[in-house]
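Data block for run_39.cif (mmCIF, C-alpha atoms):
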data_upload
#
loop_
_atom_site.label_atom_id
_atom_site.label_comp_id
_atom_site.auth_asym_id
_atom_site.auth_seq_id
_atom_site.Cartn_x
_atom_site.Cartn_y
_atom_site.Cartn_z
CA MET A 1455 133.75 35.63 49.98
CA THR A 1456 132.84 35.55 46.30
CA TRP A 1457 129.43 36.03 44.74
CA GLN A 1458 129.32 32.32 43.89
CA GLU A 1459 129.34 31.43 47.61
CA ILE A 1460 126.23 33.49 48.39
CA PRO A 1461 122.77 31.86 48.22
CA GLY A 1462 120.61 33.08 45.36
CA TRP A 1463 119.37 32.58 41.84
CA LEU A 1464 122.06 34.34 39.74
CA SER A 1465 123.68 32.01 37.21
CA GLU A 1466 127.26 32.27 35.91
CA ARG A 1467 126.00 33.53 32.56
CA GLU A 1468 123.77 36.17 34.17
CA ALA A 1469 126.55 37.29 36.52
CA GLN A 1470 129.00 37.66 33.63
CA ALA A 1471 126.55 39.81 31.66
CA LEU A 1472 125.80 41.92 34.73
CA GLN A 1473 129.50 42.33 35.51
CA ASP A 1474 130.28 43.30 31.92
CA GLU A 1475 127.67 46.06 32.08
CA ALA A 1476 128.80 47.19 35.56
CA ALA A 1477 132.44 47.41 34.48
CA ALA A 1478 131.43 49.85 31.73
CA VAL A 1479 129.72 52.32 34.09
CA ARG A 1480 131.49 55.69 34.04
CA LEU A 1481 133.34 56.91 37.13
CA ASP A 1482 130.91 59.81 37.61
CA ALA A 1483 127.84 57.55 37.42
CA ALA A 1484 126.29 54.99 39.78
CA VAL A 1485 124.82 51.50 39.74
CA VAL A 1486 121.39 50.85 41.25
CA ALA A 1487 120.18 47.36 42.19
CA LEU A 1488 116.46 46.93 42.82
CA GLY A 1489 116.25 43.77 44.91
CA THR A 1490 119.32 42.10 46.36
CA TRP A 1491 118.11 39.32 48.70
CA HIS A 1492 121.25 37.75 50.24
CA GLY A 1493 123.49 39.93 48.08
CA LYS A 1494 124.65 37.50 45.38
CA SER A 1495 124.14 40.03 42.58
CA LEU A 1496 125.38 42.83 44.86
CA MET A 1497 128.67 40.99 45.41
CA ALA A 1498 128.97 40.36 41.65
CA LEU A 1499 128.48 44.09 41.04
CA CYS A 1500 131.07 44.98 43.70
CA ALA A 1501 133.60 42.75 41.98
CA ALA A 1502 133.08 44.47 38.64
CA VAL A 1503 132.57 48.22 39.11
CA LYS A 1504 135.46 50.62 38.93
CA PRO A 1505 136.81 51.99 42.22
CA GLY A 1506 134.79 55.08 43.12
CA VAL A 1507 131.57 54.04 41.39
CA GLN A 1508 128.72 54.04 43.91
CA ILE A 1509 126.33 51.10 44.18
CA HIS A 1510 122.90 51.86 45.67
CA TRP A 1511 120.66 48.91 46.47
CA TYR A 1512 116.99 48.90 47.44
CA ASP A 1513 115.18 45.99 49.01
CA ASN A 1514 112.15 45.89 51.29
CA TYR A 1515 111.78 42.11 51.48
CA LEU A 1516 111.19 42.36 55.21
CA TYR A 1517 107.98 44.29 54.66
CA LEU A 1518 106.24 42.31 51.93
CA PRO A 1519 103.06 40.57 53.12
CA GLY A 1520 103.51 36.82 52.77
CA SER A 1521 107.12 37.12 51.59
CA ARG A 1522 108.49 34.82 54.29
CA ALA A 1523 106.23 31.89 53.36
CA SER A 1524 106.70 32.21 49.60
CA LEU A 1525 110.48 32.65 49.82
CA GLN A 1526 110.95 29.73 52.19
CA LYS A 1527 108.80 27.56 49.92
CA ASP A 1528 111.06 28.46 46.97
CA GLY A 1529 114.22 27.69 48.93
CA GLY A 1530 115.13 31.32 49.50
CA GLY A 1531 115.38 31.11 53.27
CA ASP A 1532 114.70 33.62 55.98
CA PRO A 1533 114.28 37.34 55.06
CA GLU A 1534 116.11 38.48 58.21
CA LYS A 1535 119.15 36.35 57.35
CA ALA A 1536 119.03 37.61 53.78
CA ARG A 1537 119.00 41.23 54.99
CA GLU A 1538 121.88 40.55 57.38
CA SER A 1539 123.93 39.00 54.57
CA ALA A 1540 123.34 41.95 52.22
CA MET A 1541 124.09 44.46 54.99
CA ALA A 1542 127.36 42.67 55.81
CA ILE A 1543 128.45 43.06 52.17
CA SER A 1544 127.43 46.73 52.30
CA LEU A 1545 129.38 47.44 55.49
CA GLY A 1546 132.48 45.88 53.97
CA ASP A 1547 132.55 48.15 50.92
CA PRO A 1548 132.37 51.97 51.17
CA ARG A 1549 131.03 52.21 47.60
CA VAL A 1550 127.85 50.38 48.62
CA HIS A 1551 124.85 52.32 49.90
CA PRO A 1552 121.98 50.18 51.27
CA HIS A 1553 118.41 51.48 51.28
CA LEU A 1554 115.92 49.34 53.19
CA THR A 1555 112.89 50.66 51.37
CA ASP A 1556 110.81 49.83 48.35
CA SER A 1557 112.10 50.70 44.90
CA ILE A 1558 109.43 53.29 44.08
CA SER A 1559 110.00 55.27 47.29
CA GLY A 1560 113.72 54.98 46.64
CA ALA A 1561 113.37 56.50 43.18
CA VAL A 1562 111.47 59.47 44.56
CA VAL A 1563 114.23 60.43 47.00
CA TYR A 1564 117.32 59.20 45.10
CA ALA A 1565 120.05 61.84 45.39
CA GLY A 1566 123.08 59.96 44.06
CA PRO A 1567 124.97 60.49 40.82
CA PRO A 1568 123.32 59.85 37.45
CA ILE A 1569 122.78 56.10 37.01
CA GLY A 1570 124.74 54.16 34.41
CA LEU A 1571 123.20 50.75 35.21
CA ILE A 1572 119.94 49.73 36.86
CA TYR A 1573 119.53 46.06 37.75
CA PHE A 1574 115.87 45.07 38.19
CA ASP A 1575 115.44 42.00 40.39
CA GLY A 1576 112.80 42.87 42.97
CA HIS A 1577 109.17 42.16 42.36
CA HIS A 1578 108.63 40.09 39.26
CA ASP A 1579 105.28 41.68 38.65
CA ARG A 1580 104.60 43.40 35.32
CA THR A 1581 102.87 46.41 36.89
CA GLN A 1582 105.62 46.88 39.48
CA VAL A 1583 108.46 46.61 36.96
CA LEU A 1584 106.82 49.11 34.59
CA ALA A 1585 106.34 51.52 37.52
CA GLU A 1586 110.00 51.06 38.49
CA ILE A 1587 111.12 51.85 34.94
CA ALA A 1588 108.96 55.00 34.86
CA MET A 1589 110.23 56.20 38.24
CA TRP A 1590 113.94 55.45 37.76
CA ILE A 1591 114.46 56.54 34.13
CA PRO A 1592 114.70 60.26 35.01
CA ASN A 1593 117.79 59.45 37.13
CA LEU A 1594 119.73 57.81 34.27
CA ASP A 1595 123.11 58.93 32.97
CA TRP A 1596 121.91 59.51 29.41
CA ARG A 1597 125.41 59.18 27.93
CA SER A 1598 125.31 55.37 28.11
CA PRO A 1599 122.55 53.94 30.31
CA VAL A 1600 121.84 50.21 30.63
CA LEU A 1601 118.80 48.55 32.16
CA ALA A 1602 119.23 44.87 33.14
CA PHE A 1603 116.26 42.66 34.02
CA HIS A 1604 116.66 39.40 35.92
CA ASP A 1605 113.98 36.76 35.24
CA PHE A 1606 113.12 38.58 32.00
CA HIS A 1607 112.69 35.24 30.24
CA GLY A 1608 111.47 33.44 33.35
CA GLY A 1609 107.76 33.22 32.61
CA PHE A 1610 106.80 36.37 34.50
CA GLN A 1611 105.22 37.91 31.37
CA MET A 1612 107.47 40.96 31.58
CA ALA A 1613 109.30 40.70 28.26
CA LYS A 1614 106.47 42.02 26.09
CA ALA A 1615 105.67 44.90 28.44
CA ILE A 1616 109.31 45.92 28.82
CA ARG A 1617 109.93 45.77 25.08
CA HIS A 1618 106.89 48.01 24.63
CA VAL A 1619 108.27 50.76 26.91
CA LEU A 1620 111.86 50.31 25.66
CA PRO A 1621 111.33 50.33 21.86
CA ALA A 1622 113.99 48.83 19.58
CA ASN A 1623 114.57 52.14 17.79
CA LEU A 1624 115.79 53.66 21.10
CA TRP A 1625 117.16 50.68 23.06
CA ARG A 1626 119.38 47.77 21.96
CA GLU A 1627 118.52 44.48 23.64
CA SER A 1628 121.27 41.99 24.41
CA GLY A 1629 120.75 38.50 25.65
CA PRO A 1630 119.27 36.29 26.59
CA HIS A 1631 121.80 35.68 29.31
CA HIS A 1632 119.96 32.70 30.79
CA SER A 1633 116.87 34.45 32.20
CA MET A 1634 118.30 37.99 32.04
CA ALA A 1635 118.17 40.64 29.32
CA CYS A 1636 120.00 43.96 29.10
CA PHE A 1637 118.89 47.08 27.25
CA ALA A 1638 121.38 49.78 26.27
CA ARG A 1639 120.26 53.20 25.06
CA LEU A 1640 121.17 53.82 21.40
#
Spit out the file's structure as structure tokens when you get a sec.
Amino acid sequence: MTWQEIPGWLSEREAQALQDEAAAVRLDAAVVALGTWHGKSLMALCAAVKPGVQIHWYDNYLYLPGSRASLQKDGGGDPEKARESAMAISLGDPRVHPHLTDSISGAVVYAGPPIGLIYFDGHHDRTQVLAEIAMWIPNLDWRSPVLAFHDFHGGFQMAKAIRHVLPANLWRESGPHHSMACFARL
């Protein structure tokens, strides 16, 4: 199965940008995906990272109050089926490490290698994303870290806040890649 066959909201342009960044992650670093839903972006990452690079994903979609109704309304389907799909991808690839927990709790206990790429696609809430940035940044591989944000340009009012905490004199922004932006440390 390819990433294109998995339900989700990742466009060709976004996937290509994400895969380009994932392919550049060093062998002694990891990729972290915050939010995976059915695993469309997870499968795209798996196709791009070098052999030996770990991919850790965090998603607690089963535990969000009201998530089932809002996701079904938006065409996202059933959270249990989404979890099963992402877990099936994880079980098929020894580089993939699933964490069925929220992203903040995951950051607190993360014990993997330094992170070369973090893909933010969980909650599209300004406060949550800023908290995720603050909690995950200490785990970065500071030689060449990249932060990628899905739905950055999607009307969720995150762009201004993210640009404020990732200033242009320290981070280079690339994109837009449809609704995604990537920030590489200078």
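Once the PyMOL selection byres ((chain A and resi 1611) around 12) is applied to the depicted file, the selected set reads His1578, Asp1579, Arg1580, Thr1581, Val1583, Leu1584, Asp1605, Phe1606, His1607, Gly1608, Gly1609, Phe1610, Met1612, Ala1613, Lys1614, Ala1615, Ile1616 and Arg1617 of chain A.
Ranking A:Ala1478, A:Met1497, A:Ile1569, A:Val1562 by their shortest atom-to-atom distance to A:Leu1545, with only C-alpha atoms included, puts A:Met1497 first.
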Could you expand the PyMOL selection byres ((chain A and resi 1459) around 12) into the explicit residues it covers here, written as a PyMOL selection string? chain A and resi 1455-1458+1460-1466+1492-1495+1497-1498+1539
Shortest contact to A:Val1600, candidates A:Ser1628, A:Thr1490, A:Gln1582, A:Asn1514, atoms counted only C-alpha atoms, goes to A:Ser1628
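Across the structure, atom CA of A:Ala1477 and atom CA of A:Ala1540 are spaced 20.7 Å apart.
In this model, the gap between atom CA of A:Asp1575 and atom CA of A:Glu1627 comes to 17.2 Å.
Among the candidate residues A:Leu1481, A:Val1619, A:Ala1476, A:Val1486, the one lying nearest to A:Ile1587 is A:Val1619, with distances computed using only C-alpha atoms.
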Which residues come within 7 Å of A:Arg1639, counting only C-alpha atoms, excluding same-chain residues fewer than 2 positions away, as an MDAnalysis selection string? chainID A and resid 1598:1600 1624:1626 1637
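From atom CA of A:Asp1482 back to atom CA of A:Gly1629, the distance works out to 26.5 Å.
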Give me the residues within 8 Å of A:Gly1576 as a PyMOL selection string, counting all atoms listed in the file and dropping any in the same chain fewer than 3 places off. chain A and resi 1488-1490+1513
Sphere at (116.9, 49.2, 48.4), radius 12 Å, counting all atoms listed in the file: residues as a PyMOL selection string: chain A and resi 1485-1491+1493+1496+1509-1517+1537+1540-1541+1544+1550-1561+1563-1564+1572-1576
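Nearest to A:Leu1594 of all the residues A:Pro1621, A:Pro1630, A:Pro1548, A:Gly1566 is A:Gly1566, counting all atoms listed in the file.
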Residue with smallest distance to A:Gly1570 - pool A:Ile1591, A:Glu1538, A:Ala1638, A:Val1479, counting all atoms listed in the file: A:Val1479
Give as a PyMOL selection string the residues that the PyMOL selection byres ((chain A and resi 1471) around 9) matches when applied to the coordinates above. chain A and resi 1466-1470+1472-1476+1629+1631+1634-1636
